[in-house]
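Shown next: coords.pdb, containing PDB, C-alpha atoms.
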ATOM      1  CA  MET D   1     169.019 174.719-112.563
ATOM      2  CA  PRO D   2     169.343 175.356-116.263
ATOM      3  CA  GLU D   3     166.903 177.810-117.720
ATOM      4  CA  LEU D   4     165.051 177.312-121.031
ATOM      5  CA  THR D   5     164.697 180.485-122.868
ATOM      6  CA  LEU D   6     162.343 180.617-125.894
ATOM      7  CA  SER D   7     161.966 183.384-128.196
ATOM      8  CA  LEU D   8     158.554 184.905-128.739
ATOM      9  CA  PRO D   9     158.005 183.400-132.141
ATOM     10  CA  ALA D  10     158.914 179.988-130.853
ATOM     11  CA  ALA D  11     156.525 180.320-127.864
ATOM     12  CA  LEU D  12     153.684 181.354-130.141
ATOM     13  CA  GLY D  13     154.373 178.465-132.460
ATOM     14  CA  LEU D  14     154.363 176.011-129.587
ATOM     15  CA  LEU D  15     151.046 177.423-128.280
ATOM     16  CA  ALA D  16     149.518 177.102-131.690
ATOM     17  CA  LEU D  17     150.645 173.461-131.845
ATOM     18  CA  PHE D  18     148.933 172.638-128.520
ATOM     19  CA  VAL D  19     145.712 174.368-129.652
ATOM     20  CA  THR D  20     145.713 172.385-132.914
ATOM     21  CA  ILE D  21     146.249 169.094-131.144
ATOM     22  CA  GLY D  22     143.409 169.893-128.721
ATOM     23  CA  ALA D  23     141.106 170.814-131.561
ATOM     24  CA  VAL D  24     141.835 167.512-133.378
ATOM     25  CA  LEU D  25     141.123 165.519-130.228
ATOM     26  CA  VAL D  26     137.827 167.329-129.663
ATOM     27  CA  PHE D  27     136.860 166.696-133.339
ATOM     28  CA  PHE D  28     137.373 162.937-133.138
ATOM     29  CA  VAL D  29     135.566 162.705-129.814
ATOM     30  CA  VAL D  30     132.543 164.549-131.185
ATOM     31  CA  LYS D  31     132.548 162.457-134.394
ATOM     32  CA  GLY D  32     132.620 159.184-132.465
ATOM     33  CA  THR D  33     129.699 160.191-130.314
ATOM     34  CA  SER D  34     127.535 161.255-133.234
ATOM     35  CA  GLY D  35     128.009 157.865-135.065
ATOM     36  CA  LYS D  36     126.439 155.809-132.292
ATOM     37  CA  ALA D  37     122.664 154.832-132.638
ATOM     38  CA  VAL D  38     120.365 156.143-130.016
ATOM     39  CA  ILE D  39     118.291 153.204-128.570
ATOM     40  CA  GLU D  40     114.863 154.277-127.494
ATOM     41  CA  PRO D  41     112.871 152.197-125.012
ATOM     42  CA  PRO D  42     110.222 149.963-126.691
ATOM     43  CA  SER D  43     106.713 151.407-126.725
ATOM     44  CA  ALA D  44     103.848 149.376-125.251
ATOM     45  CA  THR D  45     101.561 147.666-127.863
ATOM     46  CA  PRO D  46      97.892 148.310-127.025
ATOM     47  CA  THR D  47      95.733 145.179-126.415
ATOM     48  CA  ILE D  48      92.400 145.149-128.311
ATOM     49  CA  THR D  49      89.520 143.783-126.209
ATOM     50  CA  PRO D  50      86.744 142.292-128.445
ATOM     51  CA  THR D  51      83.181 143.532-127.785
ATOM     52  CA  ILE D  52      80.604 140.701-127.486
ATOM     53  CA  THR D  53      77.265 141.482-129.175
ATOM     54  CA  THR D  54      74.258 139.519-127.820
ATOM     55  CA  THR D  55      71.484 138.745-130.354
ATOM     56  CA  VAL D  56      68.062 138.209-128.779
ATOM     57  CA  THR D  57      66.052 135.461-130.478
ATOM     58  CA  PRO D  58      62.338 136.369-130.625
ATOM     59  CA  THR D  59      59.925 133.998-128.836
ATOM     60  CA  ILE D  60      57.449 132.235-131.141
ATOM     61  CA  THR D  61      53.878 132.734-129.991
ATOM     62  CA  LEU D  62      51.523 129.930-130.956
ATOM     63  CA  THR D  63      48.139 130.970-132.282
ATOM     64  CA  PRO D  64      45.353 128.909-130.642
ATOM     65  CA  THR D  65      42.926 127.070-132.879
ATOM     66  CA  LEU D  66      39.493 128.593-132.589
ATOM     67  CA  GLU D  67      36.593 126.212-132.129
ATOM     68  CA  MET D  68      33.342 126.879-133.924
ATOM     69  CA  THR D  69      30.338 127.382-131.709
ATOM     70  CA  ALA D  70      26.738 127.413-132.783
ATOM     71  CA  THR D  71      24.894 130.708-132.432
ATOM     72  CA  PRO D  72      21.297 130.234-131.248
ATOM     73  CA  LEU D  73      18.796 131.574-133.744
ATOM     74  CA  PRO D  74      16.098 133.990-132.508
ATOM     75  CA  PRO D  75      12.553 132.588-132.319
ATOM     76  CA  LEU D  76      10.028 133.265-135.054
ATOM     77  CA  GLU D  77       6.684 134.947-134.510
ATOM     78  CA  TYR D  78       3.614 133.086-135.708
ATOM     79  CA  THR D  79      -0.028 134.143-135.562
ATOM     80  CA  ILE D  80      -2.357 131.261-134.750
ATOM     81  CA  GLN D  81      -4.918 130.526-137.455
ATOM     82  CA  ALA D  82      -8.248 128.721-137.165
ATOM     83  CA  GLY D  83      -7.745 124.976-137.094
ATOM     84  CA  ASP D  84      -4.076 125.185-136.013
ATOM     85  CA  THR D  85      -2.670 122.692-133.511
ATOM     86  CA  CYS D  86       0.692 122.498-131.792
ATOM     87  CA  SER D  87       1.492 119.395-133.810
ATOM     88  CA  SER D  88       0.734 121.097-137.135
ATOM     89  CA  ILE D  89       2.817 124.137-136.191
ATOM     90  CA  ALA D  90       5.667 121.926-134.958
ATOM     91  CA  GLY D  91       5.550 119.858-138.137
ATOM     92  CA  PHE D  92       5.590 122.954-140.347
ATOM     93  CA  TYR D  93       8.643 124.452-138.594
ATOM     94  CA  THR D  94      10.347 121.056-137.939
ATOM     95  CA  VAL D  95      10.561 121.539-134.183
ATOM     96  CA  SER D  96       9.202 119.589-131.233
ATOM     97  CA  ILE D  97       5.859 120.293-129.591
ATOM     98  CA  ASN D  98       7.515 120.607-126.182
ATOM     99  CA  SER D  99       9.753 123.421-127.428
ATOM    100  CA  ILE D 100       6.697 125.421-128.543
ATOM    101  CA  ILE D 101       4.919 124.831-125.225
ATOM    102  CA  LEU D 102       8.000 125.853-123.202
ATOM    103  CA  ALA D 103       8.570 128.997-125.278
ATOM    104  CA  ASN D 104       4.958 130.128-124.756
ATOM    105  CA  SER D 105       4.183 128.933-121.237
ATOM    106  CA  SER D 106       2.249 132.114-120.512
ATOM    107  CA  LYS D 107      -0.076 131.606-123.500
ATOM    108  CA  ILE D 108      -0.257 127.824-124.008
ATOM    109  CA  ASN D 109      -1.009 125.238-121.322
ATOM    110  CA  SER D 110       0.909 121.981-120.926
ATOM    111  CA  GLN D 111      -1.724 120.080-122.968
ATOM    112  CA  CYS D 112      -1.586 122.648-125.805
ATOM    113  CA  SER D 113      -5.391 122.717-125.871
ATOM    114  CA  ASN D 114      -6.027 126.452-125.584
ATOM    115  CA  LEU D 115      -4.832 127.826-128.923
ATOM    116  CA  VAL D 116      -6.731 131.018-129.728
ATOM    117  CA  PRO D 117      -6.796 132.249-133.354
ATOM    118  CA  GLY D 118      -5.115 135.638-133.701
ATOM    119  CA  THR D 119      -2.697 135.045-130.816
ATOM    120  CA  THR D 120       0.989 135.596-131.655
ATOM    121  CA  ILE D 121       3.360 132.941-130.303
ATOM    122  CA  GLN D 122       7.101 132.356-130.420
ATOM    123  CA  VAL D 123       8.349 129.386-132.454
ATOM    124  CA  PRO D 124      11.953 128.437-131.538
ATOM    125  CA  GLN D 125      14.281 127.677-134.397
ATOM    126  CA  PRO D 126      16.536 124.616-134.340
ATOM    127  CA  THR D 127      20.109 125.498-133.332
ATOM    128  CA  PRO D 128      22.459 124.738-136.237
ATOM    129  CA  THR D 129      25.091 122.137-135.546
ATOM    130  CA  PRO D 130      28.646 123.426-136.223
ATOM    131  CA  SER D 131      30.820 121.391-138.513
ATOM    132  CA  PRO D 132      33.210 119.172-136.576
ATOM    133  CA  GLN D 133      36.870 120.089-136.508
ATOM    134  CA  PRO D 134      39.146 117.834-138.568
ATOM    135  CA  THR D 135      40.691 115.049-136.559
ATOM    136  CA  SER D 136      43.545 112.719-137.190
ATOM    137  CA  THR D 137      42.739 109.540-139.100
ATOM    138  CA  LEU D 138      42.803 106.433-136.918
ATOM    139  CA  ASN D 139      44.486 103.274-138.066
ATOM    140  CA  PRO D 140      42.270 100.182-138.508
ATOM    141  CA  SER D 141      43.004  98.764-135.045
ATOM    142  CA  GLN D 142      42.320 102.102-133.310
ATOM    143  CA  ALA D 143      39.114 102.550-135.322
ATOM    144  CA  THR D 144      37.949  99.070-134.276
ATOM    145  CA  VAL D 145      38.566  99.800-130.589
ATOM    146  CA  LYS D 146      36.855 103.223-130.779
ATOM    147  CA  ALA D 147      33.780 101.823-132.555
ATOM    148  CA  CYS D 148      33.325  98.992-130.056
ATOM    149  CA  ASP D 149      30.719  99.381-127.319
ATOM    150  CA  THR D 150      32.409  98.688-123.967
ATOM    151  CA  ILE D 151      31.621  98.663-120.245
ATOM    152  CA  ASP D 152      33.873  98.724-117.179
ATOM    153  CA  TYR D 153      33.924  95.743-114.803
ATOM    154  CA  ILE D 154      35.533  95.755-111.336
ATOM    155  CA  VAL D 155      37.187  92.437-110.568
ATOM    156  CA  LYS D 156      35.817  90.737-107.460
ATOM    157  CA  ASP D 157      37.244  88.103-105.162
ATOM    158  CA  ASN D 158      37.504  84.617-106.708
ATOM    159  CA  ASP D 159      37.166  86.090-110.215
ATOM    160  CA  SER D 160      39.382  84.837-113.012
ATOM    161  CA  LEU D 161      39.856  85.991-116.565
ATOM    162  CA  SER D 162      38.146  82.850-117.863
ATOM    163  CA  SER D 163      35.118  83.243-115.565
ATOM    164  CA  ILE D 164      34.706  86.911-116.565
ATOM    165  CA  ALA D 165      34.965  85.973-120.235
ATOM    166  CA  ALA D 166      32.337  83.252-119.795
ATOM    167  CA  ASN D 167      30.093  85.588-117.822
ATOM    168  CA  TYR D 168      30.047  88.194-120.594
ATOM    169  CA  ALA D 169      30.301  85.713-123.503
ATOM    170  CA  VAL D 170      33.510  87.406-124.673
ATOM    171  CA  PRO D 171      36.606  85.481-125.854
ATOM    172  CA  ILE D 172      39.568  85.543-123.488
ATOM    173  CA  ALA D 173      41.761  86.779-126.334
ATOM    174  CA  ALA D 174      39.488  89.811-126.803
ATOM    175  CA  LEU D 175      39.670  90.623-123.073
ATOM    176  CA  LYS D 176      43.453  90.425-123.123
ATOM    177  CA  SER D 177      43.695  92.515-126.301
ATOM    178  CA  PHE D 178      41.430  95.347-125.069
ATOM    179  CA  ASN D 179      43.184  95.473-121.682
ATOM    180  CA  GLY D 180      46.768  95.045-122.902
ATOM    181  CA  ARG D 181      47.331  91.779-121.016
ATOM    182  CA  VAL D 182      49.963  89.177-121.825
ATOM    183  CA  ASN D 183      48.719  86.626-119.259
ATOM    184  CA  ASP D 184      45.482  85.512-117.638
ATOM    185  CA  GLN D 185      46.179  86.997-114.195
ATOM    186  CA  VAL D 186      43.681  89.479-112.686
ATOM    187  CA  PHE D 187      43.567  91.173-109.291
ATOM    188  CA  SER D 188      40.633  91.971-107.046
ATOM    189  CA  GLY D 189      39.561  95.611-107.276
ATOM    190  CA  GLU D 190      41.068  96.403-110.677
ATOM    191  CA  THR D 191      38.921  97.580-113.596
ATOM    192  CA  LEU D 192      38.671  95.613-116.828
ATOM    193  CA  ILE D 193      37.254  96.851-120.132
ATOM    194  CA  ILE D 194      34.614  94.437-121.462
ATOM    195  CA  PRO D 195      34.263  94.714-125.286
ATOM    196  CA  LEU D 196      30.569  94.050-125.856
ATOM    197  CA  CYS D 197      31.087  94.120-129.620
ATOM    198  CA  GLN D 198      33.113  90.897-129.290
ATOM    199  CA  ARG D 199      30.343  88.924-127.624
ATOM    200  CA  GLU D 200      29.481  85.504-129.014
ATOM    201  CA  LEU D 201      25.963  85.081-127.653
ATOM    202  CA  PRO D 202      24.845  82.207-129.940
ATOM    203  CA  ASN D 203      27.839  80.130-128.854
ATOM    204  CA  ALA D 204      27.956  81.375-125.281
ATOM    205  CA  PRO D 205      28.456  78.628-122.672
ATOM    206  CA  THR D 206      25.340  77.652-120.710
ATOM    207  CA  ALA D 207      27.089  75.962-117.812
ATOM    208  CA  THR D 208      27.136  79.157-115.754
ATOM    209  CA  PRO D 209      23.838  80.736-114.673
ATOM    210  CA  THR D 210      25.371  84.233-114.629
ATOM    211  CA  LEU D 211      23.394  86.690-116.746
ATOM    212  CA  PRO D 212      24.922  88.602-119.669
ATOM    213  CA  PRO D 213      25.826  92.279-119.232
ATOM    214  CA  PRO D 214      23.322  95.134-119.615
ATOM    215  CA  TYR D 215      22.402  96.169-123.140
ATOM    216  CA  SER D 216      22.907  99.681-124.450
ATOM    217  CA  ALA D 217      19.951 102.005-124.999
ATOM    218  CA  PRO D 218      17.932 101.327-128.186
ATOM    219  CA  GLN D 219      17.999 104.088-130.785
ATOM    220  CA  LEU D 220      14.467 105.247-131.689
ATOM    221  CA  LEU D 221      13.861 105.528-135.443
ATOM    222  CA  LEU D 222      10.212 106.194-136.308
ATOM    223  CA  PRO D 223       8.050 108.165-136.000
ATOM    224  CA  ALA D 224       9.969 111.434-135.796
ATOM    225  CA  ASP D 225       9.752 113.363-132.568
ATOM    226  CA  GLY D 226       6.524 115.424-132.569
ATOM    227  CA  ALA D 227       4.973 113.664-135.593
ATOM    228  CA  PRO D 228       1.164 114.230-135.821
ATOM    229  CA  PHE D 229      -1.378 111.403-136.351
ATOM    230  CA  THR D 230      -5.074 111.971-136.974
ATOM    231  CA  LEU D 231      -8.074 109.766-137.587
ATOM    232  CA  SER D 232      -7.059 109.485-141.229
ATOM    233  CA  ASN D 233      -3.913 107.576-140.186
ATOM    234  CA  GLU D 234      -4.823 103.917-140.017
ATOM    235  CA  THR D 235      -2.031 102.769-137.675
ATOM    236  CA  VAL D 236       0.832 104.166-135.619
ATOM    237  CA  THR D 237       3.954 101.989-135.917
ATOM    238  CA  LEU D 238       6.905 102.516-133.572
ATOM    239  CA  GLN D 239      10.350 101.390-134.740
ATOM    240  CA  TRP D 240      13.818 101.283-133.124
ATOM    241  CA  SER D 241      17.261  99.785-133.751
ATOM    242  CA  SER D 242      18.422  96.443-132.381
ATOM    243  CA  VAL D 243      20.744  96.273-129.372
ATOM    244  CA  GLY D 244      22.032  92.817-130.293
ATOM    245  CA  THR D 245      20.881  89.211-130.424
ATOM    246  CA  LEU D 246      18.366  88.739-127.615
ATOM    247  CA  ARG D 247      18.137  85.497-125.688
ATOM    248  CA  SER D 248      14.934  83.480-125.451
ATOM    249  CA  SER D 249      14.196  85.067-122.050
ATOM    250  CA  GLU D 250      14.725  88.659-123.208
ATOM    251  CA  ALA D 251      12.488  91.182-124.953
ATOM    252  CA  TYR D 252      11.813  94.887-125.509
ATOM    253  CA  ALA D 253       9.411  96.686-123.160
ATOM    254  CA  VAL D 254       7.520  99.371-125.107
ATOM    255  CA  THR D 255       5.896 102.004-122.863
ATOM    256  CA  ILE D 256       3.379 104.517-124.245
ATOM    257  CA  GLU D 257       1.855 107.173-121.965
ATOM    258  CA  ASP D 258      -0.886 109.690-122.735
ATOM    259  CA  ILE D 259       0.483 112.802-121.004
ATOM    260  CA  THR D 260      -2.380 115.002-122.238
ATOM    261  CA  ASP D 261      -5.116 112.907-120.652
ATOM    262  CA  GLY D 262      -3.844 113.593-117.123
ATOM    263  CA  THR D 263      -5.232 110.297-115.738
ATOM    264  CA  GLY D 264      -2.055 108.245-116.104
ATOM    265  CA  ARG D 265      -3.317 106.283-119.102
ATOM    266  CA  LYS D 266      -0.393 104.024-120.016
ATOM    267  CA  LEU D 267       0.277 101.001-122.202
ATOM    268  CA  VAL D 268       3.212  98.586-121.704
ATOM    269  CA  GLU D 269       3.828  95.754-124.179
ATOM    270  CA  TYR D 270       6.685  93.241-124.544
ATOM    271  CA  VAL D 271       7.930  92.323-128.028
ATOM    272  CA  THR D 272      10.992  90.631-129.501
ATOM    273  CA  GLU D 273      11.006  92.532-132.805
ATOM    274  CA  GLN D 274      12.190  96.095-133.390
ATOM    275  CA  LYS D 275       8.713  97.465-134.088
ATOM    276  CA  PHE D 276       5.328  97.770-132.393
ATOM    277  CA  ILE D 277       1.913  98.762-133.777
ATOM    278  CA  VAL D 278      -0.032 100.845-131.276
ATOM    279  CA  PRO D 279      -3.493  99.271-130.945
ATOM    280  CA  ALA D 280      -6.488 101.346-132.076
ATOM    281  CA  SER D 281      -8.038 100.875-128.642
ATOM    282  CA  PHE D 282      -5.440 103.266-127.223
ATOM    283  CA  ARG D 283      -6.539 106.065-129.590
ATOM    284  CA  PRO D 284      -8.024 109.123-127.764
ATOM    285  CA  GLY D 285     -11.783 109.532-127.919
ATOM    286  CA  ASP D 286     -11.958 113.304-128.257
ATOM    287  CA  SER D 287     -10.924 115.827-130.888
ATOM    288  CA  VAL D 288      -8.076 117.333-128.850
ATOM    289  CA  PRO D 289      -4.628 116.215-130.070
ATOM    290  CA  HIS D 290      -3.153 114.057-127.285
ATOM    291  CA  VAL D 291       0.621 114.047-126.745
ATOM    292  CA  MET D 292       1.869 110.448-126.506
ATOM    293  CA  ARG D 293       5.281 109.786-124.944
ATOM    294  CA  TRP D 294       7.016 106.468-125.701
ATOM    295  CA  THR D 295      10.248 104.680-124.729
ATOM    296  CA  VAL D 296      11.852 101.268-125.305
ATOM    297  CA  LEU D 297      13.764  99.277-122.660
ATOM    298  CA  PRO D 298      15.549  95.901-122.986
ATOM    299  CA  VAL D 299      14.175  93.524-120.302
ATOM    300  CA  ARG D 300      14.879  89.993-119.101
ATOM    301  CA  GLN D 301      12.490  87.489-117.551
ATOM    302  CA  ALA D 302      13.312  86.951-113.879
ATOM    303  CA  GLY D 303      10.524  84.472-113.082
ATOM    304  CA  THR D 304       6.765  83.970-113.263
ATOM    305  CA  THR D 305       3.763  84.939-111.160
ATOM    306  CA  LYS D 306       1.186  82.582-109.672
ATOM    307  CA  GLU D 307      -0.887  83.124-112.792
ATOM    308  CA  ASN D 308       2.111  81.969-114.855
ATOM    309  CA  GLU D 309       2.723  85.492-116.137
ATOM    310  CA  PRO D 310       6.364  86.471-116.752
ATOM    311  CA  ILE D 311       8.120  88.811-114.351
ATOM    312  CA  TRP D 312      10.372  91.221-116.241
ATOM    313  CA  GLU D 313      13.358  93.177-114.971
ATOM    314  CA  PRO D 314      15.548  95.759-116.782
ATOM    315  CA  ALA D 315      18.377  94.272-118.838
ATOM    316  CA  GLY D 316      19.879  97.486-120.155
ATOM    317  CA  THR D 317      19.459 101.226-120.531
ATOM    318  CA  VAL D 318      16.152 102.836-121.439
ATOM    319  CA  SER D 319      15.994 104.784-124.705
ATOM    320  CA  GLN D 320      15.485 108.517-125.003
ATOM    321  CA  GLN D 321      11.913 109.784-124.907
ATOM    322  CA  ARG D 322       9.972 110.713-128.008
ATOM    323  CA  VAL D 323       6.450 112.069-128.451
ATOM    324  CA  PHE D 324       3.790 112.030-131.146
ATOM    325  CA  THR D 325       0.315 113.521-131.205
ATOM    326  CA  TRP D 326      -2.832 111.505-131.856
ATOM    327  CA  SER D 327      -6.334 112.818-132.491
ATOM    328  CA  GLY D 328      -9.329 110.564-132.026
ATOM    329  CA  VAL D 329     -12.151 112.599-133.550
ATOM    330  CA  VAL D 330     -11.880 115.220-136.256
ATOM    331  CA  SER D 331     -13.584 118.420-135.063
ATOM    332  CA  ALA D 332     -15.892 120.324-137.372
ATOM    333  CA  VAL D 333     -14.415 123.495-138.815
ATOM    334  CA  THR D 334     -16.578 126.584-138.204
ATOM    335  CA  PRO D 335     -16.373 128.987-141.178
ATOM    336  CA  THR D 336     -15.063 132.419-140.357
ATOM    337  CA  PRO D 337     -17.584 135.185-141.282
TER
END
Take the structure in the file and give it back as structure tokens.
Amino acid sequence: MPELTLSLPAALGLLALFVTIGAVLVFFVVKGTSGKAVIEPPSATPTITPTITTTVTPTITLTPTLEMTATPLPPLEYTIQAGDTCSSIAGFYTVSINSIILANSSKINSQCSNLVPGTTIQVPQPTPTPSPQPTSTLNPSQATVKACDTIDYIVKDNDSLSSIAANYAVPIAALKSFNGRVNDQVFSGETLIIPLCQRELPNAPTATPTLPPPYSAPQLLLPADGAPFTLSNETVTLQWSSVGTLRSSEAYAVTIEDITDGTGRKLVEYVTEQKFIVPASFRPGDSVPHVMRWTVLPVRQAGTTKENEPIWEPAGTVSQQRVFTWSGVVSAVTPTP
């Protein structure tokens, strides 16, 4: 085979050429790599979780309305003087005789006839009445219903609204209005409100013999509870308020009882007016003040006796009791040395 023979300079030149070419290739390779962008993986975006704040609403506490109550007043001490009576002491302090007797049961007897001058007793003071709390104003219809005197009636068998209205002399319209009825139907055993203030007694039907309802209790007017009367007082007149228009067979039974006498001395009289004059024959005969208790009761005549005297029966509620003192003879006053 043919042989290629290079001189040393030529071999060195050729080696230098190969080194140069290699260096150029390495340069372009490195330059191309450095021009490319380096893509980094995307970083995770943090998620913000909102924090919920709870606001506590305070609970409103209602303040209760305080009601006024009356504070009892302590009793007063009083030293009995010569000539004093329970009625004079009660009149001076504006209290009842019974309250003085009850407060001094160990010193005063039930007839209040053993007052000893110089003895100290307890006189109770009247308890003040607290002012009423304000209330809502009623409309005219509510005020009319509240001011009306009513009673409850239980419907019986064979009753009808018209028969009940005739029995109590009340218009059917008033019965329906007070009981919220739209028709005339009633049922046995139910309770109806009877408005007594709507009665029409002068025009009440007389075909039925059924009696009118019971009357309310009379309100006593004069004299005041515990009022004293002596020999200087000419008469004692009792007065009370009317309970309504009485029928011809109705009256007021006035009962007066001498509770100091202890023998059951009592007087009962029947009148149609709202006053009664106590006869002088009922006046006590001694100098000790007698406590007289009196009441008034509406009555109705139920028949007559063999002597043609009326027989009376209660037609309503008896009044509250009141007392007054009555002296028959004025005792001589012994001067104190």
Exercise. Applied to this file, what does the PyMOL selection byres ((chain D and resi 70-85) around 6) return in terms of residues, put as a ChimeraX atom specification?
Worked result: /D:69,86-88,117-125,127,130
Keeping only C-alpha atoms, write those residues as a PDB file, keeping the file's coordinate frame.
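Below is the file part.pdb, written as the result:
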ATOM      1  CA  THR D  69      30.338 127.382-131.709  1.00  0.00           C
ATOM      2  CA  CYS D  86       0.692 122.498-131.792  1.00  0.00           C
ATOM      3  CA  SER D  87       1.492 119.395-133.810  1.00  0.00           C
ATOM      4  CA  SER D  88       0.734 121.097-137.135  1.00  0.00           C
ATOM      5  CA  PRO D 117      -6.796 132.249-133.354  1.00  0.00           C
ATOM      6  CA  GLY D 118      -5.115 135.638-133.701  1.00  0.00           C
ATOM      7  CA  THR D 119      -2.697 135.045-130.816  1.00  0.00           C
ATOM      8  CA  THR D 120       0.989 135.596-131.655  1.00  0.00           C
ATOM      9  CA  ILE D 121       3.360 132.941-130.303  1.00  0.00           C
ATOM     10  CA  GLN D 122       7.101 132.356-130.420  1.00  0.00           C
ATOM     11  CA  VAL D 123       8.349 129.386-132.454  1.00  0.00           C
ATOM     12  CA  PRO D 124      11.953 128.437-131.538  1.00  0.00           C
ATOM     13  CA  GLN D 125      14.281 127.677-134.397  1.00  0.00           C
ATOM     14  CA  THR D 127      20.109 125.498-133.332  1.00  0.00           C
ATOM     15  CA  PRO D 130      28.646 123.426-136.223  1.00  0.00           C
TER      16      PRO D 130
END
- Which one of D:Leu115, D:Met292, D:Val19, D:Leu102 sits closest to Asp225 (chain D) if you count all atoms listed in the file?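 Among the listed residues, the smallest separation from Asp225 (chain D) belongs to D:Met292.
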As a check of understanding: the span from CA of Ile277 (chain D) to CA of Ala217 (chain D) is 20.3 Å
* Asked: Between D:Val271, D:Ala251, D:Leu8, D:Leu220, which has the minimum distance to Val299 (chain D) (counting all atoms listed in the file)?
  ->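 Nearest candidate to Val299 (chain D) out of D:Val271, D:Ala251, D:Leu8, D:Leu220: D:Ala251.
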query = Could you state the separation of CA of Thr150 (chain D) and CA of Ser162 (chain D) in Å, given to one decimal place?
reply =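 Rounded to one decimal, the two atoms are 17.9 Å apart.
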Exercise. For Leu238 (chain D), which residue out of D:Val291, D:Glu190, D:Phe324, D:Pro171 is the nearest one, using all atoms listed in the file?
Worked result: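 The closest residue to Leu238 (chain D) is D:Phe324.
Considering only C-alpha atoms, the residue among D:Ser248, D:Ser216, D:Ser241, D:Thr272 positioned nearest to Val318 (chain D) is D:Ser216.
Compared by their closest atoms to Tyr168 (chain D), and using all atoms listed in the file, the residues D:Phe187, D:Ile154, D:Asp149, D:Pro195 rank with D:Pro195 nearest.
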### Query
Where does the PyMOL selection byres ((chain D and resi 256) around 10) land in this file, that is, which residues does it pick, as an MDAnalysis selection string?
chainID D and resid 253:255 257:259 265:269 278 282 292:296 322:323
Determine, counting all atoms listed in the file, which protein, DNA and RNA residues have an atom within 8 Å of an atom of Asp286 (chain D); residues of the same chain fewer than 2 positions away are not included. Present the result as a PyMOL selection string. chain D and resi 284+288+327-329
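Here CA of Glu250 (chain D) and CA of Trp312 (chain D) stand 8.6 Å from one another.
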Excluding same-chain residues fewer than 4 positions from Trp240 (chain D), what lies within 7 Å of it counting only C-alpha atoms, as a PyMOL selection string?
chain D and resi 218-222+274-275
Output C-alpha atoms for every residue in that selection, as an mmCIF file, keeping the file's coordinate frame.
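So the final result, stored in out08.cif, reads:
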data_model
loop_
_atom_site.group_PDB
_atom_site.id
_atom_site.type_symbol
_atom_site.label_atom_id
_atom_site.label_comp_id
_atom_site.auth_asym_id
_atom_site.auth_seq_id
_atom_site.Cartn_x
_atom_site.Cartn_y
_atom_site.Cartn_z
ATOM 1 C CA PRO D 218 17.932 101.327 -128.186
ATOM 2 C CA GLN D 219 17.999 104.088 -130.785
ATOM 3 C CA LEU D 220 14.467 105.247 -131.689
ATOM 4 C CA LEU D 221 13.861 105.528 -135.443
ATOM 5 C CA LEU D 222 10.212 106.194 -136.308
ATOM 6 C CA GLN D 274 12.190 96.095 -133.390
ATOM 7 C CA LYS D 275 8.713 97.465 -134.088
#
| said: Residues within 12 Å of Thr304 (chain D), please, as a count of residues only. Count only C-alpha atoms; anything in the same chain fewer than 5 positions from it doesn't count. | reply: 6
Item to check | Counting only C-alpha atoms, the residue of D:Ile164, D:Ala280, D:Leu297, D:Ala174 that sits nearest Pro214 (chain D) | outcome: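 Among the listed residues, D:Leu297 lies closest to Pro214 (chain D).
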Let me know the centre plus edge lengths, in Å and rounded to one decimal, of a box with edges along x, y and z that contains all listed atoms of region 282-299 of chain D and is padded by 4 Å on every side, as AutoDock Vina command-line options.
--center_x 1.8 --center_y 105.4 --center_z -125.6 --size_x 35.5 --size_y 31.8 --size_z 18.6
